[in-house]
Every structure is written in C-alpha cells, then in structure tokens.
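Raw contents of target-v2.cif, mmCIF, C-alpha atoms and all ligand atoms:
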data_data
#
loop_
_atom_site.label_atom_id
_atom_site.label_comp_id
_atom_site.auth_asym_id
_atom_site.auth_seq_id
_atom_site.Cartn_x
_atom_site.Cartn_y
_atom_site.Cartn_z
CA MET A 7 -23.67 13.55 3.85
CA ARG A 8 -20.96 12.07 1.70
CA ILE A 9 -21.30 8.32 1.08
CA LEU A 10 -18.60 6.15 -0.46
CA LEU A 11 -20.13 3.22 -2.36
CA THR A 12 -18.13 0.24 -3.66
CA GLY A 13 -19.38 -2.24 -6.29
CA LYS A 14 -21.47 0.35 -8.12
CA HIS A 15 -22.25 -1.92 -11.10
CA GLY A 16 -23.69 -4.74 -8.98
CA GLN A 17 -27.41 -5.27 -8.25
CA LEU A 18 -27.24 -3.56 -4.87
CA GLY A 19 -24.78 -0.92 -6.08
CA ARG A 20 -27.10 0.14 -8.88
CA CYS A 21 -30.21 0.14 -6.71
CA PHE A 22 -28.39 2.16 -4.05
CA GLN A 23 -27.49 4.78 -6.65
CA ASP A 24 -31.16 4.87 -7.70
CA VAL A 25 -32.47 5.45 -4.17
CA CYS A 26 -29.78 8.06 -3.43
CA ALA A 27 -30.64 10.00 -6.60
CA ALA A 28 -33.71 11.42 -4.83
CA THR A 29 -31.70 12.62 -1.79
CA ASN A 30 -29.23 15.40 -1.04
CA HIS A 31 -26.49 12.95 -0.21
CA GLU A 32 -23.27 13.20 -2.16
CA LEU A 33 -22.63 9.70 -3.43
CA ILE A 34 -19.13 8.79 -4.56
CA SER A 35 -19.46 5.45 -6.30
CA TYR A 36 -16.70 3.14 -7.44
CA SER A 37 -16.80 0.20 -9.85
CA SER A 38 -14.29 -2.62 -9.43
CA ASP A 39 -12.15 -0.96 -12.14
CA GLU A 40 -12.10 2.32 -10.25
CA LEU A 41 -11.60 0.81 -6.81
CA ASP A 42 -10.51 -2.81 -6.48
CA ILE A 43 -10.96 -3.58 -2.81
CA ARG A 44 -8.37 -6.37 -3.03
CA HIS A 45 -5.67 -3.68 -2.94
CA ALA A 46 -5.15 -2.18 0.50
CA GLY A 47 -3.33 0.87 -0.89
CA HIS A 48 -6.13 1.71 -3.35
CA VAL A 49 -8.74 1.38 -0.62
CA SER A 50 -6.79 3.53 1.79
CA SER A 51 -6.18 6.29 -0.76
CA ALA A 52 -9.82 6.28 -1.98
CA VAL A 53 -11.08 6.62 1.59
CA THR A 54 -8.50 9.26 2.51
CA THR A 55 -9.12 11.29 -0.65
CA THR A 56 -12.91 11.26 -0.49
CA GLN A 57 -13.21 11.60 3.33
CA PRO A 58 -16.73 10.09 3.35
CA ASP A 59 -19.08 10.28 6.31
CA ILE A 60 -19.97 6.61 5.81
CA ILE A 61 -18.93 3.69 3.60
CA VAL A 62 -21.41 1.30 1.98
CA ASN A 63 -19.77 -1.87 0.73
CA ALA A 64 -21.77 -3.45 -2.09
CA ALA A 65 -18.69 -5.11 -3.60
CA ALA A 66 -18.37 -8.86 -3.33
CA TYR A 67 -17.30 -12.02 -5.10
CA THR A 68 -20.76 -13.57 -5.61
CA ALA A 69 -20.17 -16.56 -7.94
CA VAL A 70 -21.27 -19.16 -5.39
CA ASP A 71 -20.51 -22.27 -7.48
CA ASN A 72 -17.24 -20.99 -8.99
CA ALA A 73 -16.00 -20.14 -5.50
CA GLU A 74 -15.70 -23.87 -4.77
CA LYS A 75 -12.81 -23.97 -7.25
CA GLU A 76 -11.63 -20.37 -6.82
CA SER A 77 -11.33 -20.14 -3.09
CA ASP A 78 -8.43 -17.63 -3.19
CA ALA A 79 -10.40 -15.32 -5.49
CA ALA A 80 -13.45 -15.41 -3.22
CA TYR A 81 -11.41 -14.76 -0.05
CA ALA A 82 -9.39 -11.98 -1.74
CA VAL A 83 -12.57 -9.92 -2.17
CA ASN A 84 -14.94 -11.16 0.55
CA ALA A 85 -12.42 -11.44 3.37
CA GLN A 86 -9.21 -9.50 2.58
CA GLY A 87 -11.06 -6.80 0.61
CA VAL A 88 -13.42 -6.24 3.54
CA GLU A 89 -10.47 -6.14 5.92
CA HIS A 90 -8.90 -3.36 3.82
CA LEU A 91 -12.11 -1.37 4.03
CA ALA A 92 -12.39 -2.02 7.77
CA ARG A 93 -8.84 -0.83 8.44
CA ALA A 94 -9.25 2.30 6.29
CA ALA A 95 -12.58 3.11 7.94
CA GLN A 96 -11.16 2.61 11.43
CA GLN A 97 -8.20 4.87 10.72
CA LEU A 98 -10.51 7.79 9.95
CA GLY A 99 -13.27 6.86 12.40
CA ILE A 100 -15.75 6.30 9.55
CA PRO A 101 -18.58 3.77 9.93
CA ILE A 102 -19.11 1.05 7.38
CA ILE A 103 -22.30 -0.73 6.29
CA HIS A 104 -21.45 -4.09 4.82
CA VAL A 105 -23.64 -6.77 3.25
CA SER A 106 -23.31 -10.47 4.00
CA THR A 107 -25.30 -13.59 3.31
CA ASP A 108 -27.68 -16.27 4.62
CA TYR A 109 -25.07 -18.78 3.41
CA VAL A 110 -23.12 -18.24 6.65
CA PHE A 111 -25.64 -20.74 8.10
CA ASP A 112 -25.71 -24.47 7.35
CA GLY A 113 -29.44 -24.52 6.66
CA ALA A 114 -30.22 -27.26 9.15
CA GLY A 115 -32.44 -24.90 11.19
CA VAL A 116 -36.21 -25.14 11.39
CA GLU A 117 -37.02 -21.61 12.52
CA PRO A 118 -35.78 -18.24 11.28
CA TYR A 119 -32.11 -17.63 12.01
CA LYS A 120 -31.33 -14.80 14.42
CA PRO A 121 -28.18 -12.70 13.93
CA SER A 122 -26.71 -14.27 17.07
CA ASP A 123 -27.29 -17.87 15.95
CA LEU A 124 -24.34 -20.15 15.41
CA THR A 125 -22.81 -19.80 11.94
CA ARG A 126 -21.56 -22.82 10.03
CA PRO A 127 -21.07 -22.11 6.34
CA CYS A 128 -21.08 -25.16 4.08
CA THR A 129 -19.64 -23.47 1.00
CA VAL A 130 -16.45 -21.57 0.16
CA TYR A 131 -18.56 -18.51 -0.68
CA GLY A 132 -20.33 -18.63 2.69
CA ALA A 133 -17.05 -19.15 4.55
CA SER A 134 -15.40 -16.25 2.71
CA LYS A 135 -18.34 -13.96 3.58
CA LEU A 136 -18.17 -15.05 7.22
CA ALA A 137 -14.43 -14.26 7.19
CA GLY A 138 -15.39 -10.76 5.96
CA GLU A 139 -17.78 -10.33 8.91
CA GLN A 140 -14.99 -11.42 11.26
CA ALA A 141 -12.53 -8.99 9.65
CA LEU A 142 -14.92 -6.13 10.37
CA ALA A 143 -15.36 -7.20 13.99
CA GLU A 144 -11.60 -7.45 14.40
CA HIS A 145 -10.47 -4.29 12.65
CA CYS A 146 -13.12 -1.65 13.18
CA THR A 147 -15.58 -0.56 15.82
CA LYS A 148 -18.33 1.23 13.89
CA TYR A 149 -19.62 -1.40 11.50
CA MET A 150 -22.96 -2.88 10.55
CA VAL A 151 -23.31 -6.19 8.80
CA LEU A 152 -26.62 -6.78 7.01
CA ARG A 153 -27.03 -10.42 6.07
CA THR A 154 -29.42 -10.79 3.19
CA ALA A 155 -30.67 -13.56 0.89
CA TRP A 156 -31.92 -14.49 -2.59
CA VAL A 157 -31.32 -11.01 -4.06
CA PHE A 158 -33.13 -10.04 -7.25
CA SER A 159 -33.50 -6.83 -9.24
CA GLU A 160 -33.88 -5.46 -12.74
CA TYR A 161 -30.06 -5.29 -12.89
CA GLY A 162 -27.36 -7.91 -13.38
CA ASN A 163 -27.89 -11.64 -13.15
CA ASN A 164 -30.33 -13.21 -10.76
CA PHE A 165 -32.99 -15.90 -10.42
CA VAL A 166 -35.82 -13.72 -11.80
CA LYS A 167 -33.87 -13.01 -14.97
CA THR A 168 -32.84 -16.65 -15.33
CA MET A 169 -36.47 -17.80 -15.05
CA LEU A 170 -37.63 -15.24 -17.63
CA ARG A 171 -34.85 -16.26 -20.02
CA LEU A 172 -35.61 -19.98 -19.64
CA ALA A 173 -39.32 -19.32 -20.10
CA GLN A 174 -38.61 -17.91 -23.57
CA ASP A 175 -37.21 -21.17 -24.90
CA ARG A 176 -38.62 -23.99 -22.80
CA ASP A 177 -42.06 -25.54 -22.46
CA ALA A 178 -41.22 -27.25 -19.19
CA LEU A 179 -38.94 -26.41 -16.27
CA SER A 180 -37.91 -28.28 -13.13
CA VAL A 181 -37.12 -26.15 -10.10
CA VAL A 182 -35.89 -27.12 -6.65
CA ALA A 183 -38.70 -27.15 -4.09
CA ASP A 184 -36.91 -28.26 -0.91
CA GLN A 185 -34.76 -25.19 -0.25
CA TYR A 186 -36.46 -22.36 1.63
CA GLY A 187 -35.47 -18.72 1.91
CA CYS A 188 -36.72 -15.16 1.52
CA PRO A 189 -36.38 -13.40 -1.82
CA THR A 190 -35.06 -9.87 -1.35
CA TYR A 191 -35.44 -7.01 -3.82
CA ALA A 192 -32.12 -5.15 -4.08
CA GLY A 193 -34.12 -1.90 -4.19
CA ASP A 194 -35.65 -2.70 -0.76
CA LEU A 195 -32.22 -3.54 0.62
CA ALA A 196 -30.86 -0.27 -0.83
CA ARG A 197 -33.68 1.68 0.85
CA ALA A 198 -32.97 -0.07 4.14
CA ILE A 199 -29.32 0.98 3.89
CA LEU A 200 -30.37 4.54 3.05
CA ILE A 201 -32.55 4.64 6.19
CA LEU A 202 -29.51 3.56 8.20
CA CYS A 203 -27.32 6.24 6.55
CA ASN A 204 -29.97 8.89 7.33
CA HIS A 205 -30.19 7.69 10.91
CA TYR A 206 -26.42 7.94 11.28
CA GLN A 207 -26.44 11.44 9.80
CA GLN A 208 -29.00 12.57 12.38
CA THR A 209 -27.70 10.80 15.48
CA HIS A 210 -24.10 9.82 14.78
CA GLU A 211 -25.09 6.45 16.14
CA LEU A 212 -26.19 3.14 14.66
CA ALA A 213 -26.96 -0.31 15.98
CA TRP A 214 -23.43 -1.57 15.40
CA GLY A 215 -22.95 -5.30 14.83
CA VAL A 216 -24.68 -8.01 12.83
CA HIS A 217 -28.28 -7.76 11.60
CA HIS A 218 -30.54 -9.48 9.10
CA TYR A 219 -32.50 -7.94 6.26
CA CYS A 220 -34.49 -9.91 3.66
CA GLY A 221 -37.92 -10.15 2.06
CA ASP A 222 -40.92 -10.91 4.24
CA LEU A 223 -42.36 -14.30 3.26
CA PRO A 224 -40.34 -17.51 3.01
CA THR A 225 -40.77 -19.61 -0.09
CA SER A 226 -38.93 -22.28 -2.07
CA TRP A 227 -37.17 -21.67 -5.39
CA HIS A 228 -40.10 -23.48 -6.97
CA GLY A 229 -42.57 -21.16 -5.21
CA PHE A 230 -40.50 -18.15 -6.24
CA ALA A 231 -40.48 -19.34 -9.88
CA ARG A 232 -44.27 -19.87 -9.81
CA THR A 233 -44.78 -16.32 -8.53
CA ILE A 234 -42.40 -14.88 -11.14
CA PHE A 235 -44.28 -16.65 -13.95
CA GLY A 236 -47.71 -15.70 -12.59
CA LYS A 237 -46.83 -12.02 -12.33
CA SER A 238 -45.00 -12.00 -15.67
CA ARG A 239 -48.08 -13.40 -17.39
CA GLU A 240 -50.31 -10.79 -15.71
CA LEU A 241 -48.01 -7.97 -16.81
CA GLY A 242 -47.69 -9.28 -20.36
CA LEU A 243 -43.97 -9.86 -19.96
CA LEU A 244 -44.48 -13.50 -20.96
CA LYS A 245 -47.13 -14.78 -23.37
CA THR A 246 -46.88 -18.36 -22.17
CA THR A 247 -45.21 -19.91 -19.18
CA PRO A 248 -43.46 -23.26 -18.97
CA GLN A 249 -44.94 -26.14 -17.07
CA LEU A 250 -43.26 -26.14 -13.66
CA THR A 251 -42.18 -29.32 -11.92
CA ALA A 252 -41.04 -29.40 -8.31
CA ILE A 253 -37.80 -31.35 -7.82
CA SER A 254 -35.49 -32.08 -4.89
CA SER A 255 -31.98 -30.67 -4.36
CA GLU A 256 -30.68 -34.19 -5.02
CA GLN A 257 -32.15 -34.04 -8.51
CA TYR A 258 -30.36 -30.75 -9.18
CA PRO A 259 -26.81 -31.09 -7.85
CA THR A 260 -24.64 -27.95 -7.87
CA PRO A 261 -20.92 -27.56 -7.08
CA ALA A 262 -21.82 -25.56 -3.95
CA GLU A 263 -24.44 -27.14 -1.73
CA ARG A 264 -27.21 -24.64 -0.87
CA PRO A 265 -28.64 -24.46 2.64
CA GLU A 266 -31.99 -26.23 2.89
CA TYR A 267 -33.46 -23.58 5.15
CA SER A 268 -32.03 -20.08 5.29
CA VAL A 269 -34.92 -17.94 6.47
CA LEU A 270 -33.57 -14.92 8.37
CA GLU A 271 -35.29 -13.26 11.31
CA CYS A 272 -35.23 -9.51 10.71
CA LEU A 273 -36.40 -7.97 13.97
CA THR A 274 -33.32 -6.17 15.26
CA LEU A 275 -33.64 -3.12 13.02
CA SER A 276 -37.39 -2.57 13.29
CA GLU A 277 -36.93 0.21 15.88
CA LEU A 278 -34.99 2.13 13.24
CA GLY A 279 -37.85 1.72 10.79
CA VAL A 280 -36.13 -1.01 8.78
CA ARG A 281 -38.60 -3.81 8.15
CA PRO A 282 -38.57 -6.73 5.71
CA GLY A 283 -39.62 -5.76 2.20
CA ASN A 284 -42.88 -7.09 0.74
CA TRP A 285 -41.14 -9.08 -1.98
CA HIS A 286 -44.36 -9.89 -3.87
CA GLU A 287 -44.99 -6.16 -4.37
CA SER A 288 -41.34 -5.49 -5.09
CA LEU A 289 -41.28 -8.29 -7.65
CA SER A 290 -44.20 -6.66 -9.49
CA HIS A 291 -42.35 -3.33 -9.41
CA CYS A 292 -39.15 -4.96 -10.66
CA LEU A 293 -40.95 -6.77 -13.50
CA LYS A 294 -42.67 -3.53 -14.54
CA LYS A 295 -39.29 -1.82 -14.64
CA MET A 296 -37.93 -4.63 -16.78
CA LYS A 297 -40.92 -4.37 -19.13
CA ASP A 298 -40.84 -0.61 -19.44
CA PRO A 299 -37.59 0.85 -18.07
CA VAL A 300 -38.39 4.38 -19.25
CA VAL A 301 -41.70 4.71 -17.38
CA TYR A 302 -40.57 3.17 -14.08
N1 LIG B 401 -27.10 -12.02 -5.08
C1 LIG B 401 -27.60 -12.71 -4.05
O1 LIG B 401 -28.51 -13.53 -4.21
C2 LIG B 401 -27.08 -12.46 -2.66
C3 LIG B 401 -27.56 -13.24 -1.60
C4 LIG B 401 -27.10 -13.01 -0.31
C5 LIG B 401 -26.17 -12.01 -0.09
N2 LIG B 401 -25.69 -11.28 -1.13
C6 LIG B 401 -24.70 -10.23 -0.86
O2 LIG B 401 -25.29 -8.99 -1.22
C7 LIG B 401 -24.27 -8.09 -1.66
C8 LIG B 401 -24.67 -7.50 -2.99
O3 LIG B 401 -24.84 -8.57 -3.92
P1 LIG B 401 -25.20 -8.29 -5.45
O4 LIG B 401 -26.18 -9.32 -5.84
O5 LIG B 401 -25.48 -6.85 -5.64
O6 LIG B 401 -23.80 -8.67 -6.11
P2 LIG B 401 -23.35 -8.47 -7.63
O7 LIG B 401 -24.49 -8.02 -8.47
O8 LIG B 401 -22.59 -9.69 -8.00
O9 LIG B 401 -22.35 -7.24 -7.51
C9 LIG B 401 -21.13 -7.36 -6.83
C10 LIG B 401 -20.27 -6.21 -7.30
O10 LIG B 401 -19.01 -6.32 -6.64
C11 LIG B 401 -18.03 -5.90 -7.54
N3 LIG B 401 -16.73 -6.46 -7.23
C12 LIG B 401 -16.31 -7.74 -7.39
N4 LIG B 401 -15.01 -7.83 -7.03
C13 LIG B 401 -14.62 -6.59 -6.65
C14 LIG B 401 -13.41 -6.04 -6.21
N5 LIG B 401 -12.31 -6.80 -6.09
N6 LIG B 401 -13.35 -4.73 -5.91
C15 LIG B 401 -14.44 -3.95 -6.04
N7 LIG B 401 -15.63 -4.39 -6.48
C16 LIG B 401 -15.71 -5.72 -6.78
C17 LIG B 401 -18.49 -6.41 -8.90
O11 LIG B 401 -17.89 -5.62 -9.89
P3 LIG B 401 -17.71 -6.19 -11.39
O12 LIG B 401 -19.08 -6.19 -11.95
O13 LIG B 401 -16.82 -5.22 -12.01
O14 LIG B 401 -17.11 -7.56 -11.22
C18 LIG B 401 -19.99 -6.22 -8.81
O15 LIG B 401 -20.36 -4.99 -9.38
C19 LIG B 401 -22.98 -8.90 -1.68
O16 LIG B 401 -22.27 -8.66 -0.50
C20 LIG B 401 -23.46 -10.35 -1.69
O17 LIG B 401 -22.50 -11.21 -1.10
C21 LIG B 401 -26.14 -11.47 -2.40
#

Any chance you could put this one into structure tokens?
Ligand SMILES: NC(=O)c1ccc[n+]([C@@H]2O[C@H](COP(=O)([O-])OP(=O)(O)OC[C@H]3O[C@@H](n4cnc5c(N)ncnc54)[C@H](OP(=O)(O)O)[C@@H]3O)[C@@H](O)[C@H]2O)c1
Amino acid sequence: MRILLTGKHGQLGRCFQDVCAATNHELISYSSDELDIRHAGHVSSAVTTTQPDIIVNAAAYTAVDNAEKESDAAYAVNAQGVEHLARAAQQLGIPIIHVSTDYVFDGAGVEPYKPSDLTRPCTVYGASKLAGEQALAEHCTKYMVLRTAWVFSEYGNNFVKTMLRLAQDRDALSVVADQYGCPTYAGDLARAILILCNHYQQTHELAWGVHHYCGDLPTSWHGFARTIFGKSRELGLLKTTPQLTAISSEQYPTPAERPEYSVLECLTLSELGVRPGNWHESLSHCLKKMKDPVVY
C-alpha cells in the first residue's frame, strides 16, 4: 500500500521510515520543507498527487515550553495543519492516523486515563493538540488519534539524550520525581502504527476514533533517569554516572506546567495486536543503537 508520511525528520517520522523499510509498502515521506502542513494548498496538492491509501501524520509543533509564548505557531501546525490534512483526506476518502499527547489531560487523575476521559489541557501545546483532535473529528470520518507520551528514540532531541549529555559534564543532577507517565520508544509507536496500516490494508477497516498508545510501566522522570543511567553504565555508554537527587516540580519550574499524572490506559487496540511497548527493553535497544549505529 502507499503511505503518505509527514514530519519525516522527527523522532516518530524517522522510526516509521525504519520500520517500513522491511515491508513492501511504498512510503512517500515529506519533511517540513517538502510539505508544510500549515498551507492548505500544499497539503491538498501533495495528497491529490500521491493518492495514498493512508496518511500518517508525524508532523507537529512539539516545543512545549516555547508554545506558551508562541501560541499562534503551535496552533498553526497542531490545529490548522491537522485540519488541512483532515479535509484533504476526507475529500479523497483516505484514512488518517494522527498522533496526539497525554498533555490533553490536566494530570489530576489517580488512575490511568482512558481515551474517553474528560480532557482539560493546562498548556498551550496540550490545547493546540486537542484542537487538532477536534479538527479531525469535525472534518473527516476515517481517522485514528493515538495519544502517546514521553517519547524517546535514538533520533532528535529527547529526555534520554538530554540525560546522557548532562551526564558527560556533571557530577550531580536533580530530576523531578513527582510527575508520573509512561516512557514510549518512538520505534514501538512506529510499529504500532504499521500494524494499524497493515490491518487497514487487509480489512479496509480500523477502530476509528481516539486511542492511547504508550510504554508499559509508569515511572517518574527521576525513575526514568535512573534507568537510563543504569543501562548506559551496563552498556559502556557512560563510564560514570552523576549522583541523582529527586526533586519536586516546584523546585524545577518550567514555562509550561507538566501534568502530575499522565499515565494512559492502552487497552482499546489490544484486539488489533497493538499492546504497550516494554520500554525497559526498548530503552536498551535504543541505547545500543546510539552506541553502535552501524550494528543495530
Ligand atoms: N516527543 C514527545 O515526548 C511526545 C509526547 C507526546 C506526544 N508526542 C506527539 O508525538 C508526535 C511525534 O512527536 P516527535 O517526538 O516525533 O516530534 P518531533 O521529533 O519534534 O518531530 C516533529 C516533526 O514535525 C515536523 N514539523 C513541524 N512543523 C511542521 C509543519 N508546519 N509542516 C510539516 N512538518 C512539520 C518537524 O519538522 P522540522 O524538523 O523540519 O521542524 C519535525 O520533523 C507528535 O504529534 C507529538 O505531538 C510527542
């Protein structure tokens, strides 16, 4: 099948290209330079020219803190850009798989959020992503939203890379220990999306609507950092690791307030064979790839 992918240079975009490389699918991938989803005309002509069987949208404005000051920029991509894709997809009857975020929730919950739970974003980024979900619901019928969380990979910028960089030049690090979520390897998310594409190819059906997909075990940023350092030591990626101190969110203020608890329940896709990734295993795989990109 022919798949149109946006945001090909992002973490998910790159991992999706990797997982598709071992398939017979024809992947037509666009970077933001090649297809800027903020422009309705560009989106419409890319979709009309390529006539894909399905669209995977990995493009997004993801600078969570900057979004607080650049609201228009965040909405232009995460809301209007998604609307352009939704309209173009609807016109040709093409389904779209779109990725959203745990930040659509306020984080006041105490048990894993279900897709149907009440959304209440507390940041501009989260609100702009929710507006994207709403644009899909309003403008097209065959769409899937996969909300994910705490994405890491060997590509781009992410928490794993930040921790490894800081570990090179610091003896001690303080990391927030009162925010809980599920780290998600972009490669696992990419494989989940590929399973959905394959399912659509075979059945011409999908479980349309909003779903959750993230890593399996909740942790805090502090717990995530501890695991990253432990595995990096084991793999010889780091010779020494900094002393880790657990701090509160109050001790580490950021322009955009993070949800305290954003664990996502991921049960709705299990019948299709899409289950939460084992992020501990995936982290080891990711670190090995970072250590020795040629072998892995
Ligand atoms: N990262 C996380 O922790 C996290 C958590 C929850 C949900 N998510 C969601 O997961 C999805 C994938 O995230 P990611 O981490 O892979 O993001 P990423 O690495 O920041 O990649 C996003 C990609 O979108 C592209 N893009 C930005 N503006 C665009 C535009 N106007 N037109 C076309 N492409 C544009 C960027 O291109 P340039 O490189 O050229 O700017 C970039 O390659 C996103 O929907 C994100 O909201 C991410």

Worksheet entry | From A:Ile234, A:Ile60, A:Ala80, A:Ala183, residue lying nearest Met169 (chain A) [all atoms listed in the file] |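 Residue with the minimum atom-to-atom distance to Met169 (chain A): A:Ile234.
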
Worksheet item: Please, which residues have at least one atom within 7 Å of an atom of ligand LIG 401 (chain B), using only C-alpha atoms and all ligand atoms, listed as number ranges by chain?
Response: A: 12-19, 37-39, 41-44, 64-68, 83, 87, 105-108, 135, 153-158, 162-164

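For Lys120 (chain A), the residues within 9 Å (counting only C-alpha atoms, excluding itself and residues fewer than 3 positions away along the chain) are A:Asp123, A:Leu124, A:His217, A:His218, A:Leu270, A:Glu271, A:Cys272, A:Leu273, A:Thr274.
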
Discussion item. Can you measure CA of Val49 (chain A) to CA of Glu211 (chain A) for me? One decimal in Å is fine.
Written reply: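 Spanning CA of Val49 (chain A) to CA of Glu211 (chain A) is a straight-line distance of 24.0 Å.
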
Item to complete: Would you mind reading off the distance between CA of Ala143 (chain A) and CA of Met7 (chain A), one decimal, in Å?
Response: 24.5 Å

Worksheet entry | Residues near Ala94 (chain A), cut-off 6 Å, all atoms listed in the file, skip fewer than 3 positions along chain, as a PyMOL selection string | chain A and resi 50+91+97

Worksheet item: Of the candidates A:Asp177, A:Asp194, A:Asp59, A:Glu266, which shows the shortest atom-to-atom distance to Ile103 (chain A), using all atoms listed in the file?
Response: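 Result for the nearest residue to Ile103 (chain A): A:Asp59.
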
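Closest approach to Glu139 (chain A) among A:Ile34, A:Cys203, A:Val88, A:Ala231 is made by A:Val88 (distances from all atoms listed in the file).
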
Long-range neighbours of Leu212 (chain A) as a PDB file with C-alpha atoms, in the frame of the given file, 12 Å cut-off, all atoms listed in the file, 5 positions minimum in chain:
ATOM      1  CA  ILE A  60     -19.970   6.610   5.810  1.00  0.00           C
ATOM      2  CA  PRO A 101     -18.580   3.770   9.930  1.00  0.00           C
ATOM      3  CA  ILE A 102     -19.110   1.050   7.380  1.00  0.00           C
ATOM      4  CA  ILE A 103     -22.300  -0.730   6.290  1.00  0.00           C
ATOM      5  CA  THR A 147     -15.580  -0.560  15.820  1.00  0.00           C
ATOM      6  CA  LYS A 148     -18.330   1.230  13.890  1.00  0.00           C
ATOM      7  CA  TYR A 149     -19.620  -1.400  11.500  1.00  0.00           C
ATOM      8  CA  MET A 150     -22.960  -2.880  10.550  1.00  0.00           C
ATOM      9  CA  VAL A 151     -23.310  -6.190   8.800  1.00  0.00           C
ATOM     10  CA  ILE A 199     -29.320   0.980   3.890  1.00  0.00           C
ATOM     11  CA  ILE A 201     -32.550   4.640   6.190  1.00  0.00           C
ATOM     12  CA  LEU A 202     -29.510   3.560   8.200  1.00  0.00           C
ATOM     13  CA  CYS A 203     -27.320   6.240   6.550  1.00  0.00           C
ATOM     14  CA  ASN A 204     -29.970   8.890   7.330  1.00  0.00           C
ATOM     15  CA  HIS A 205     -30.190   7.690  10.910  1.00  0.00           C
ATOM     16  CA  TYR A 206     -26.420   7.940  11.280  1.00  0.00           C
ATOM     17  CA  GLN A 207     -26.440  11.440   9.800  1.00  0.00           C
ATOM     18  CA  HIS A 217     -28.280  -7.760  11.600  1.00  0.00           C
ATOM     19  CA  THR A 274     -33.320  -6.170  15.260  1.00  0.00           C
ATOM     20  CA  LEU A 275     -33.640  -3.120  13.020  1.00  0.00           C
ATOM     21  CA  GLU A 277     -36.930   0.210  15.880  1.00  0.00           C
ATOM     22  CA  LEU A 278     -34.990   2.130  13.240  1.00  0.00           C
TER      23      LEU A 278
END

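Atom pair CA of Leu142 (chain A) / CA of Ala92 (chain A): separated by 5.5 Å.
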
Item to complete: Go through A:Leu136, A:Ala95, A:Gln174, A:Asp78 one by one, measure the shortest atom-to-atom distance of each to Lys245 (chain A) using all atoms listed in the file, and give the residue with the smallest value.
Response: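 Closest to Lys245 (chain A) of all the choices is A:Gln174.
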
Discussion item. With all atoms listed in the file as the counted atoms, please give the residues lying no more than 8 Å from Ser180 (chain A), apart from itself and same-chain residues fewer than 3 positions off, as a ChimeraX atom specification.
Written reply: /A:250-253

Practice prompt. Taking the point (-4.9, -3.2, 4.5) as given in the file, collect each protein or nucleic acid residue that comes within 7 Å of it, counting only C-alpha atoms, and present the set as a list of chain:residue names.
Written response: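 Applying the cut-off with only C-alpha atoms, one gets A:Ala46, A:Gly47, A:Glu89, A:His90, A:Arg93.
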
Worksheet item: Looking at only C-alpha atoms, which of A:Glu240, A:Glu256, A:Asp222, A:Glu144 is the one that sits closest to Lys297 (chain A)?
Response: A:Glu240

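With all atoms listed in the file as the basis for measurement, A:Ser290 is the residue among A:Thr129, A:Ser122, A:Ser255, A:Ser290 that approaches Leu241 (chain A) most closely.
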
Discussion item. For a cutoff of 8 Å around the file-coordinate point (-38.4, -13.2, 4.5), which residues qualify once you count only C-alpha atoms? I'd like the result as JSON, numbers by chain.
Written reply: {"A": [187, 188, 189, 190, 220, 221, 222, 223, 224, 269, 270, 271, 272, 282, 283]}

Show me, as an mmCIF file with C-alpha atoms, keeping the file's coordinate frame, the residues that have an atom within 12 Å of Asp175 (chain A) when counting only C-alpha atoms, minus same-chain residues fewer than 5 positions from it.
data_model
loop_
_atom_site.group_PDB
_atom_site.id
_atom_site.type_symbol
_atom_site.label_atom_id
_atom_site.label_comp_id
_atom_site.auth_asym_id
_atom_site.auth_seq_id
_atom_site.Cartn_x
_atom_site.Cartn_y
_atom_site.Cartn_z
ATOM 1 C CA THR A 168 -32.840 -16.650 -15.330
ATOM 2 C CA MET A 169 -36.470 -17.800 -15.050
ATOM 3 C CA LEU A 170 -37.630 -15.240 -17.630
ATOM 4 C CA LEU A 244 -44.480 -13.500 -20.960
ATOM 5 C CA LYS A 245 -47.130 -14.780 -23.370
ATOM 6 C CA THR A 246 -46.880 -18.360 -22.170
ATOM 7 C CA THR A 247 -45.210 -19.910 -19.180
ATOM 8 C CA PRO A 248 -43.460 -23.260 -18.970
#

With 3 Å on each side, where is the centre of the axis-aligned box around all listed atoms of region 135-143 of chain A, and how long are its edges in Å to one decimal, as JSON?
{"center_x": -15.4, "center_y": -10.6, "center_z": 8.8, "size_x": 11.8, "size_y": 14.9, "size_z": 16.4}
